[in-house]
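A.B. asks: Take a look at final09.txt, compact mmCIF, C-alpha atoms:
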```
# COMPACT_ATOMS: atom_id res chain seq x y z
CA MET Z 943 0.00 0.00 0.00
CA ILE Z 944 1.20 3.53 -0.86
CA GLU Z 945 1.87 5.90 2.02
CA THR Z 946 -0.98 8.28 2.80
CA THR Z 947 0.72 10.46 5.44
CA THR Z 948 0.40 13.57 3.21
CA PRO Z 949 -3.00 13.24 1.53
CA VAL Z 950 -3.57 14.49 -1.99
CA VAL Z 951 -7.29 14.32 -1.18
CA SER Z 952 -8.82 14.58 2.29
CA VAL Z 953 -12.56 14.02 2.77
CA ALA Z 954 -13.56 15.04 6.30
CA GLY Z 955 -17.01 14.41 7.77
CA VAL Z 956 -18.83 14.75 4.44
CA THR Z 957 -22.60 14.33 4.45
CA LYS Z 958 -24.77 15.13 1.44
CA THR Z 959 -28.55 15.48 1.64
CA PHE Z 960 -30.54 16.40 -1.45
CA PRO Z 961 -33.49 18.69 -0.57
CA ARG Z 962 -35.85 17.10 -3.07
CA GLY Z 963 -37.26 14.12 -1.21
CA ASN Z 964 -34.92 14.83 1.72
CA VAL Z 965 -32.59 12.06 0.50
CA THR Z 966 -29.30 11.58 2.34
CA ALA Z 967 -26.87 10.22 -0.25
CA LEU Z 968 -23.72 10.33 1.90
CA GLN Z 969 -23.28 10.22 5.65
CA ASP Z 970 -20.12 11.12 7.58
CA ILE Z 971 -17.54 10.12 4.97
CA ASN Z 972 -13.91 10.32 6.08
CA LEU Z 973 -11.24 9.29 3.61
CA ASP Z 974 -7.64 10.26 2.81
CA LEU Z 975 -5.95 9.51 -0.53
CA GLY Z 976 -2.19 9.51 -0.86
CA ALA Z 977 -0.08 10.58 -3.82
CA GLY Z 978 -0.12 7.98 -6.60
CA GLU Z 979 -2.89 5.84 -5.11
CA PHE Z 980 -5.52 4.20 -7.30
CA ILE Z 981 -8.72 4.11 -5.22
CA SER Z 982 -11.88 2.38 -6.43
CA LEU Z 983 -15.31 3.16 -4.96
CA ILE Z 984 -17.74 0.24 -5.14
CA GLY Z 985 -21.22 -0.38 -3.77
CA PRO Z 986 -24.86 -0.90 -4.76
CA SER Z 987 -26.70 1.55 -6.98
CA GLY Z 988 -27.77 4.62 -5.04
CA CYS Z 989 -25.08 4.23 -2.37
CA GLY Z 990 -23.56 7.60 -3.22
CA LYS Z 991 -20.26 6.57 -4.82
CA SER Z 992 -20.76 8.85 -7.84
CA THR Z 993 -22.00 11.59 -5.53
CA LEU Z 994 -18.80 11.24 -3.49
CA LEU Z 995 -16.69 11.54 -6.64
CA ARG Z 996 -18.64 14.65 -7.63
CA VAL Z 997 -18.19 16.16 -4.18
CA ILE Z 998 -14.43 15.64 -4.50
CA GLY Z 999 -14.57 17.32 -7.92
CA ASP Z 1000 -16.70 20.23 -6.63
CA LEU Z 1001 -19.51 19.29 -9.02
CA VAL Z 1002 -21.76 18.74 -5.98
CA GLU Z 1003 -21.49 20.75 -2.77
CA PRO Z 1004 -21.56 18.76 0.51
CA THR Z 1005 -24.23 19.57 3.08
CA THR Z 1006 -21.69 19.27 5.87
CA GLY Z 1007 -18.00 18.47 5.97
CA ALA Z 1008 -15.17 19.51 3.67
CA VAL Z 1009 -12.86 18.27 0.92
CA THR Z 1010 -9.30 19.47 0.45
CA ILE Z 1011 -7.09 18.69 -2.55
CA ASN Z 1012 -3.37 19.33 -2.08
CA GLY Z 1013 -4.27 21.66 0.77
CA LYS Z 1014 -6.81 23.64 -1.28
CA SER Z 1015 -10.58 23.62 -1.03
CA ALA Z 1016 -12.36 21.55 -3.68
CA ARG Z 1017 -13.60 24.82 -5.24
CA GLU Z 1018 -10.04 26.21 -5.48
CA ALA Z 1019 -8.76 22.94 -6.93
CA ARG Z 1020 -11.46 22.97 -9.63
CA THR Z 1021 -10.78 26.62 -10.47
CA ASP Z 1022 -7.05 25.87 -10.67
CA ARG Z 1023 -7.75 22.78 -12.80
CA ASP Z 1024 -5.91 20.49 -10.42
CA TYR Z 1025 -7.87 17.44 -11.57
CA GLY Z 1026 -9.12 15.78 -14.73
CA ILE Z 1027 -12.44 13.95 -14.96
CA VAL Z 1028 -13.71 11.12 -17.16
CA PHE Z 1029 -17.40 10.15 -17.22
CA GLN Z 1030 -19.13 6.97 -18.39
CA ASP Z 1031 -19.87 8.68 -21.70
CA ALA Z 1032 -16.83 10.10 -23.46
CA VAL Z 1033 -18.47 13.57 -23.73
CA LEU Z 1034 -16.48 14.59 -26.82
CA PHE Z 1035 -17.38 17.37 -29.24
CA ASP Z 1036 -18.31 15.77 -32.57
CA TRP Z 1037 -17.45 18.90 -34.56
CA ARG Z 1038 -13.87 18.91 -33.23
CA THR Z 1039 -11.26 16.41 -34.35
CA VAL Z 1040 -9.67 14.04 -31.87
CA SER Z 1041 -6.66 16.35 -31.60
CA LYS Z 1042 -8.86 19.40 -31.06
CA ASN Z 1043 -10.81 17.57 -28.33
CA ILE Z 1044 -7.59 16.75 -26.50
CA GLU Z 1045 -6.36 20.33 -26.98
CA LEU Z 1046 -9.43 21.90 -25.40
CA PRO Z 1047 -8.21 22.14 -21.76
CA LEU Z 1048 -4.81 23.32 -23.01
CA GLU Z 1049 -6.49 26.11 -24.98
CA MET Z 1050 -8.38 27.12 -21.84
CA LEU Z 1051 -5.07 27.21 -19.95
CA GLY Z 1052 -3.55 29.49 -22.59
CA TRP Z 1053 -0.89 27.12 -23.94
CA ASP Z 1054 0.64 28.32 -27.23
CA LYS Z 1055 -0.14 26.42 -30.43
CA ALA Z 1056 3.20 24.64 -30.81
CA LYS Z 1057 3.18 23.44 -27.21
CA ARG Z 1058 -0.43 22.22 -27.57
CA ARG Z 1059 0.37 20.25 -30.71
CA ALA Z 1060 3.40 18.61 -29.12
CA ARG Z 1061 1.39 17.64 -26.06
CA VAL Z 1062 -1.45 16.22 -28.16
CA GLU Z 1063 1.01 13.98 -30.02
CA GLU Z 1064 2.37 12.76 -26.69
CA MET Z 1065 -1.12 11.97 -25.44
CA LEU Z 1066 -2.17 10.21 -28.64
CA ALA Z 1067 0.88 7.96 -28.30
CA LEU Z 1068 0.14 7.37 -24.61
CA VAL Z 1069 -3.38 6.07 -25.35
CA GLU Z 1070 -2.25 4.26 -28.53
CA LEU Z 1071 -4.16 6.48 -30.97
CA THR Z 1072 -1.27 7.87 -33.02
CA GLY Z 1073 -2.57 8.60 -36.50
CA PHE Z 1074 -6.15 9.26 -35.39
CA GLY Z 1075 -5.72 12.95 -34.54
CA ASP Z 1076 -7.57 14.15 -37.65
CA HIS Z 1077 -10.52 11.80 -37.14
CA HIS Z 1078 -13.77 12.93 -35.55
CA PRO Z 1079 -15.29 11.13 -32.53
CA TRP Z 1080 -18.13 9.66 -34.58
CA GLN Z 1081 -15.53 7.81 -36.67
CA LEU Z 1082 -14.19 5.94 -33.63
CA SER Z 1083 -15.38 2.95 -31.62
CA GLY Z 1084 -16.69 3.43 -28.09
CA GLY Z 1085 -13.44 2.18 -26.59
CA MET Z 1086 -11.38 4.55 -28.74
CA GLN Z 1087 -13.61 7.47 -27.75
CA GLN Z 1088 -13.00 6.69 -24.08
CA ARG Z 1089 -9.25 6.68 -24.72
CA VAL Z 1090 -9.59 10.15 -26.25
CA SER Z 1091 -11.51 11.24 -23.15
CA ILE Z 1092 -8.74 9.88 -20.91
CA ALA Z 1093 -6.09 11.62 -23.03
CA ARG Z 1094 -7.95 14.92 -22.74
CA ALA Z 1095 -8.27 14.54 -18.95
CA LEU Z 1096 -4.54 13.82 -18.62
CA ALA Z 1097 -3.28 16.36 -21.15
CA PHE Z 1098 -2.49 19.04 -18.56
CA GLU Z 1099 -0.92 16.52 -16.15
CA PRO Z 1100 -3.39 16.82 -13.26
CA ALA Z 1101 -2.33 15.48 -9.89
CA LEU Z 1102 -5.78 13.90 -9.53
CA LEU Z 1103 -7.92 11.95 -12.02
CA LEU Z 1104 -11.62 11.33 -11.26
CA MET Z 1105 -13.27 8.51 -13.25
CA ASP Z 1106 -17.00 7.76 -12.99
CA GLU Z 1107 -17.63 4.27 -14.42
CA PRO Z 1108 -15.66 5.11 -17.58
CA PHE Z 1109 -15.87 1.55 -18.97
CA GLY Z 1110 -19.35 0.63 -17.74
CA ALA Z 1111 -21.01 0.80 -21.17
CA LEU Z 1112 -18.32 -1.23 -22.99
CA ASP Z 1113 -18.28 -4.94 -23.81
CA GLU Z 1114 -16.25 -7.17 -21.51
CA MET Z 1115 -13.30 -7.73 -23.88
CA THR Z 1116 -12.90 -4.00 -24.59
CA ARG Z 1117 -13.28 -3.22 -20.91
CA GLU Z 1118 -10.53 -5.63 -19.87
CA ARG Z 1119 -8.20 -4.28 -22.56
CA LEU Z 1120 -8.81 -0.70 -21.43
CA ASN Z 1121 -8.20 -1.76 -17.83
CA LEU Z 1122 -4.70 -2.81 -18.90
CA GLU Z 1123 -4.16 0.39 -20.85
CA LEU Z 1124 -5.33 2.53 -17.93
CA LEU Z 1125 -2.94 0.73 -15.57
CA SER Z 1126 -0.09 1.31 -18.01
CA ILE Z 1127 -0.91 5.04 -18.22
CA TRP Z 1128 -1.24 5.32 -14.43
CA GLN Z 1129 2.09 3.57 -13.89
CA GLN Z 1130 3.77 6.08 -16.21
CA LEU Z 1131 2.15 9.26 -14.86
CA ARG Z 1132 1.41 8.27 -11.24
CA SER Z 1133 -1.55 10.59 -10.87
CA THR Z 1134 -3.84 9.85 -7.93
CA VAL Z 1135 -6.99 8.16 -9.28
CA VAL Z 1136 -10.52 7.91 -7.85
CA PHE Z 1137 -12.43 5.32 -9.88
CA VAL Z 1138 -16.15 4.47 -9.54
CA THR Z 1139 -17.22 0.99 -10.65
CA HIS Z 1140 -19.88 -1.68 -10.13
CA SER Z 1141 -17.44 -4.48 -10.98
CA ILE Z 1142 -15.62 -6.20 -8.13
CA SER Z 1143 -13.05 -7.80 -10.43
CA GLU Z 1144 -12.31 -4.46 -12.13
CA ALA Z 1145 -11.90 -2.73 -8.77
CA VAL Z 1146 -9.50 -5.38 -7.46
CA PHE Z 1147 -7.50 -5.56 -10.68
CA LEU Z 1148 -6.92 -1.80 -10.93
CA SER Z 1149 -6.63 -0.55 -7.39
CA THR Z 1150 -4.21 -0.03 -4.55
CA ARG Z 1151 -7.27 0.14 -2.23
CA VAL Z 1152 -10.96 -0.62 -2.72
CA VAL Z 1153 -13.45 1.45 -0.72
CA VAL Z 1154 -16.69 -0.51 -0.16
CA MET Z 1155 -19.78 1.63 0.43
CA SER Z 1156 -23.01 0.65 2.16
CA PRO Z 1157 -26.53 1.10 0.76
CA ARG Z 1158 -27.97 4.61 1.15
CA PRO Z 1159 -27.19 6.60 3.12
CA GLY Z 1160 -23.74 5.94 1.73
CA ARG Z 1161 -21.11 5.24 4.36
CA ILE Z 1162 -17.74 3.51 4.14
CA ALA Z 1163 -18.43 -0.12 5.03
CA GLY Z 1164 -14.78 -1.12 4.76
CA ILE Z 1165 -11.52 -0.60 2.89
CA VAL Z 1166 -9.60 -3.47 1.31
CA ASP Z 1167 -5.86 -3.07 0.68
CA ILE Z 1168 -4.94 -4.62 -2.67
CA ASP Z 1169 -1.51 -6.21 -2.39
CA LEU Z 1170 -1.29 -7.76 -5.86
CA PRO Z 1171 2.22 -7.45 -7.31
CA GLY Z 1172 2.87 -5.29 -10.34
CA PRO Z 1173 3.04 -4.82 -13.17
CA ARG Z 1174 -0.40 -6.44 -13.43
CA SER Z 1175 -1.33 -8.39 -16.54
CA VAL Z 1176 -3.93 -10.79 -17.90
CA GLU Z 1177 -2.32 -13.47 -15.74
CA THR Z 1178 -3.04 -11.42 -12.60
CA ARG Z 1179 -6.70 -12.37 -12.91
CA GLU Z 1180 -5.70 -16.05 -12.52
CA ASP Z 1181 -3.62 -15.44 -9.39
CA PRO Z 1182 -5.06 -17.14 -6.26
CA ARG Z 1183 -4.51 -13.90 -4.35
CA PHE Z 1184 -6.71 -12.08 -6.88
CA PHE Z 1185 -9.59 -14.45 -6.10
CA GLU Z 1186 -9.03 -14.05 -2.35
CA LEU Z 1187 -9.29 -10.26 -2.66
CA VAL Z 1188 -12.37 -10.48 -4.89
CA THR Z 1189 -13.98 -12.67 -2.21
CA GLU Z 1190 -13.02 -10.20 0.53
CA VAL Z 1191 -14.67 -7.30 -1.32
CA ARG Z 1192 -17.70 -9.44 -2.19
CA GLU Z 1193 -18.20 -10.43 1.44
CA LEU Z 1194 -18.07 -6.80 2.56
CA LEU Z 1195 -20.74 -6.00 -0.02
CA ARG Z 1196 -22.87 -8.91 1.16
CA LEU Z 1197 -22.54 -7.96 4.83
CA ARG Z 1198 -23.65 -4.39 4.08
CA GLY Z 1199 -25.98 -5.18 1.20
CA GLU Z 1200 -29.20 -6.34 2.81
CA HIS Z 1201 -31.15 -4.12 0.37
CA LEU Z 1202 -29.34 -5.00 -2.86
CA LEU Z 1203 -31.40 -5.21 -6.05
CA PRO Z 1204 -31.17 -8.47 -8.06
CA GLU Z 1205 -28.67 -7.01 -10.54
CA GLU Z 1206 -26.55 -5.78 -7.65
CA GLU Z 1207 -26.64 -9.25 -6.11
CA ALA Z 1208 -25.16 -10.42 -9.43
CA ALA Z 1209 -22.38 -7.87 -9.07
CA ALA Z 1210 -21.67 -9.12 -5.54
CA ALA Z 1211 -21.44 -12.62 -6.99
CA GLY Z 1212 -18.62 -11.48 -9.25
CA GLU Z 1213 -20.48 -10.47 -12.42
CA ASP Z 1214 -20.50 -6.99 -13.94
CA ALA Z 1215 -23.74 -5.13 -13.23
```
Represent the structure contained in this file as structure tokens.

C.D. replies:
Amino acid sequence: MIETTTPVVSVAGVTKTFPRGNVTALQDINLDLGAGEFISLIGPSGCGKSTLLRVIGDLVEPTTGAVTINGKSAREARTDRDYGIVFQDAVLFDWRTVSKNIELPLEMLGWDKAKRRARVEEMLALVELTGFGDHHPWQLSGGMQQRVSIARALAFEPALLLMDEPFGALDEMTRERLNLELLSIWQQLRSTVVFVTHSISEAVFLSTRVVVMSPRPGRIAGIVDIDLPGPRSVETREDPRFFELVTEVRELLRLRGEHLLPEEEAAAAGEDA
């Protein structure tokens, strides 16, 4: 496990209640993330894992509690563009080429044209899309679009990357391939990653720690340290220790998941939901 003595992200006493319906999505969340950690948030639908990610990214304001990122408030970190974010949908602009989509945050930061172009070429190589810069998003597969989205989020080298089920809509083979590519990128850049998923196997394969959340109101039911050796590969999924960790996460979900829906029971049994 990576040291967390100086947190990149500190979530302190965060509760979030939505006024409409008086729904408490999160309750008393306390969590520190160290530099270079890959943290997955997993739990049943409605447990608040995406809400927690959005609170960290200052896309949702907590009702009580606070988030700091590298010593700044979440609002300051967002204004200073200290993090990148990737959603389940790639959210690319169809009228802009792949290169122009990746350039967008660099334009907003005022980078000059030559520096932007050089950085775009670096990012295209990083996500294995060299030669596709002049294509438009609608000319790419779903998996390729997500790689463009990841490249755009990483283009300005954020210390923190927030990912909200980025592979949830992809087929299993594409998803597993992108898991490997994401790990390779993370190992090169060592950004701190917060990753929301419904898949136990994905969480265990990618993470340094897996944070298991309880049904609403979302609380931290437990944290599982992932001690799988690296670099991880296809063979990692056949390692006996991998299965032990999957079982540990699954049991935490079962213990806290008295109100799981049938599809969420399937996820707790090791299937993607």

A.B. asks: Hey, which bits of range 1080-1183 of chain Z sit within 7 Å of range 984-995 of chain Z, and for each residue what's the closest pair of atoms and how far apart in Å (one decimal), counting only C-alpha atoms, rows by chain and increasing number, as a Markdown table?

C.D. replies:
```
| residue | atom | partner | partner_atom | distance |
| --- | --- | --- | --- | --- |
| Z:Leu1104 | CA | Z:Leu995 | CA | 6.9 |
| Z:Asp1106 | CA | Z:Ser992 | CA | 6.5 |
| Z:Val1138 | CA | Z:Ile984 | CA | 6.3 |
| Z:Thr1139 | CA | Z:Ile984 | CA | 5.6 |
| Z:His1140 | CA | Z:Ile984 | CA | 5.8 |
| Z:Val1153 | CA | Z:Ile984 | CA | 6.3 |
| Z:Val1154 | CA | Z:Ile984 | CA | 5.1 |
| Z:Met1155 | CA | Z:Gly985 | CA | 4.9 |
| Z:Ser1156 | CA | Z:Cys989 | CA | 6.1 |
| Z:Pro1157 | CA | Z:Cys989 | CA | 4.7 |
| Z:Arg1158 | CA | Z:Cys989 | CA | 4.6 |
| Z:Pro1159 | CA | Z:Cys989 | CA | 6.3 |
| Z:Gly1160 | CA | Z:Cys989 | CA | 4.6 |
```

A.B. asks: Please identify every residue of range 979-1053 of chain Z that has at least one atom no farther than 6 Å from an atom of range 1077-1100 of chain Z, counting all atoms listed in the file, and for each give the shortest atom pair and the distance in Å to one decimal, arranged by chain then increasing number, as a tab-separated table.

C.D. replies:
```
residue	atom	partner	partner_atom	distance
Z:Asp1024	CA	Z:Pro1100	CA	5.3
Z:Tyr1025	CA	Z:Pro1100	CA	4.8
Z:Gly1026	CA	Z:Ala1095	CA	4.5
Z:Ile1027	CA	Z:Ala1095	CA	5.8
Z:Ala1032	CA	Z:Gln1088	CA	5.2
Z:Asp1036	CA	Z:Pro1079	CA	5.5
Z:Thr1039	CA	Z:His1078	CA	4.5
Z:Val1040	CA	Z:His1078	CA	5.6
Z:Ile1044	CA	Z:Arg1094	CA	4.2
```

A.B. asks: When distances are computed from only C-alpha atoms, which of Z:Asp1076, Z:Asp1031, Z:Glu1070, Z:Asp1169 shows the smallest separation from Phe1109 in chain Z?

C.D. replies: Z:Asp1031

A.B. asks: Enter the distance from CA of Leu1103 in chain Z to CA of Pro961 in chain Z, in Å, rounded to one decimal.

C.D. replies: 28.8 Å

A.B. asks: (-8.1, 23.3, 2.1) in this file's frame - what residues fall within 12 Å of it? Use only C-alpha atoms and give the answer as a list in words.

C.D. replies: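 Residues with an atom at most 12 Å from (-8.1, 23.3, 2.1): Pro949, Val950, Val951, Ser952, Val953, Ala954, Ile998, Gly1007, Ala1008, Val1009, Thr1010, Ile1011, Asn1012, Gly1013, Lys1014, Ser1015, Ala1016, Arg1017, Glu1018 and Ala1019 of chain Z.
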
A.B. asks: Pick from Z:Thr948, Z:Arg1020, Z:Thr1005, Z:Ile1168: nearest to Leu968 in chain Z, with all atoms listed in the file counted?

C.D. replies: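 The shortest atom-to-atom distance to Leu968 in chain Z comes from Z:Thr1005.
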
A.B. asks: So, with all atoms listed in the file as the atoms that count, which of Z:Ala1101, Z:Leu983, Z:Ala967, Z:Ala977 lies closest to Asp1022 in chain Z?

C.D. replies: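 Distance minimum relative to Asp1022 in chain Z lands on Z:Ala1101.
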
A.B. asks: Could you pull out every residue with an atom within 6 Å of (-25.9, 13.4, 3.4), file coordinates, counting all atoms listed in the file, and send them as a list in words?

C.D. replies: Thr957, Lys958, Thr959, Thr966, Ala967, Leu968 and Gln969 of chain Z

A.B. asks: Using only C-alpha atoms, please write the residues we just selected to a file, as a PDB file, keeping the file's coordinate frame.

C.D. replies:
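This went into again_30.pdb:
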```pdb
ATOM      1  CA  THR Z 957     -22.600  14.330   4.450  1.00  0.00           C
ATOM      2  CA  LYS Z 958     -24.770  15.130   1.440  1.00  0.00           C
ATOM      3  CA  THR Z 959     -28.550  15.480   1.640  1.00  0.00           C
ATOM      4  CA  THR Z 966     -29.300  11.580   2.340  1.00  0.00           C
ATOM      5  CA  ALA Z 967     -26.870  10.220  -0.250  1.00  0.00           C
ATOM      6  CA  LEU Z 968     -23.720  10.330   1.900  1.00  0.00           C
ATOM      7  CA  GLN Z 969     -23.280  10.220   5.650  1.00  0.00           C
TER       8      GLN Z 969
END
```

A.B. asks: Can you pull out the residues contacting range 1053-1058 of chain Z? Cut-off 12 Å, using all atoms listed in the file, and skip same-chain residues under 5 positions away; I want them as a PyMOL selection string.

C.D. replies: chain Z and resi 1041-1048+1063-1065+1094+1097-1098

A.B. asks: Any idea what the distance is between CA of Ile981 in chain Z and CA of Val1136 in chain Z?

C.D. replies: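 For CA of Ile981 in chain Z relative to CA of Val1136 in chain Z, the distance reads 5.0 Å.
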
A.B. asks: One decimal, Å: what's the distance from CA of Gly978 in chain Z over to CA of Ser1149 in chain Z, could you say?

C.D. replies: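 Result for CA of Gly978 in chain Z versus CA of Ser1149 in chain Z: 10.8 Å, one decimal.
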
A.B. asks: Which is closer to Ala1111 in chain Z than all the others in Z:Gln1030, Z:Thr1006, Z:Glu979, Z:Val1146, using only C-alpha atoms?

C.D. replies: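 Residue with the minimum atom-to-atom distance to Ala1111 in chain Z: Z:Gln1030.
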
A.B. asks: List as a PyMOL selection string the protein and nucleic acid residues near Leu1124 in chain Z, meaning an atom at most 10 Å away when only C-alpha atoms are counted, but skip any in the same chain fewer than 5 places from it.

C.D. replies: chain Z and resi 1068-1069+1089+1092+1118-1119+1129-1130+1148

A.B. asks: For each of Z:Gly955, Z:Ser1143, Z:Asp970, Z:Glu1186, take the minimum atom-to-atom distance to Arg1117 in chain Z, counting only C-alpha atoms, then give the residue where this is smallest.

C.D. replies: Z:Ser1143
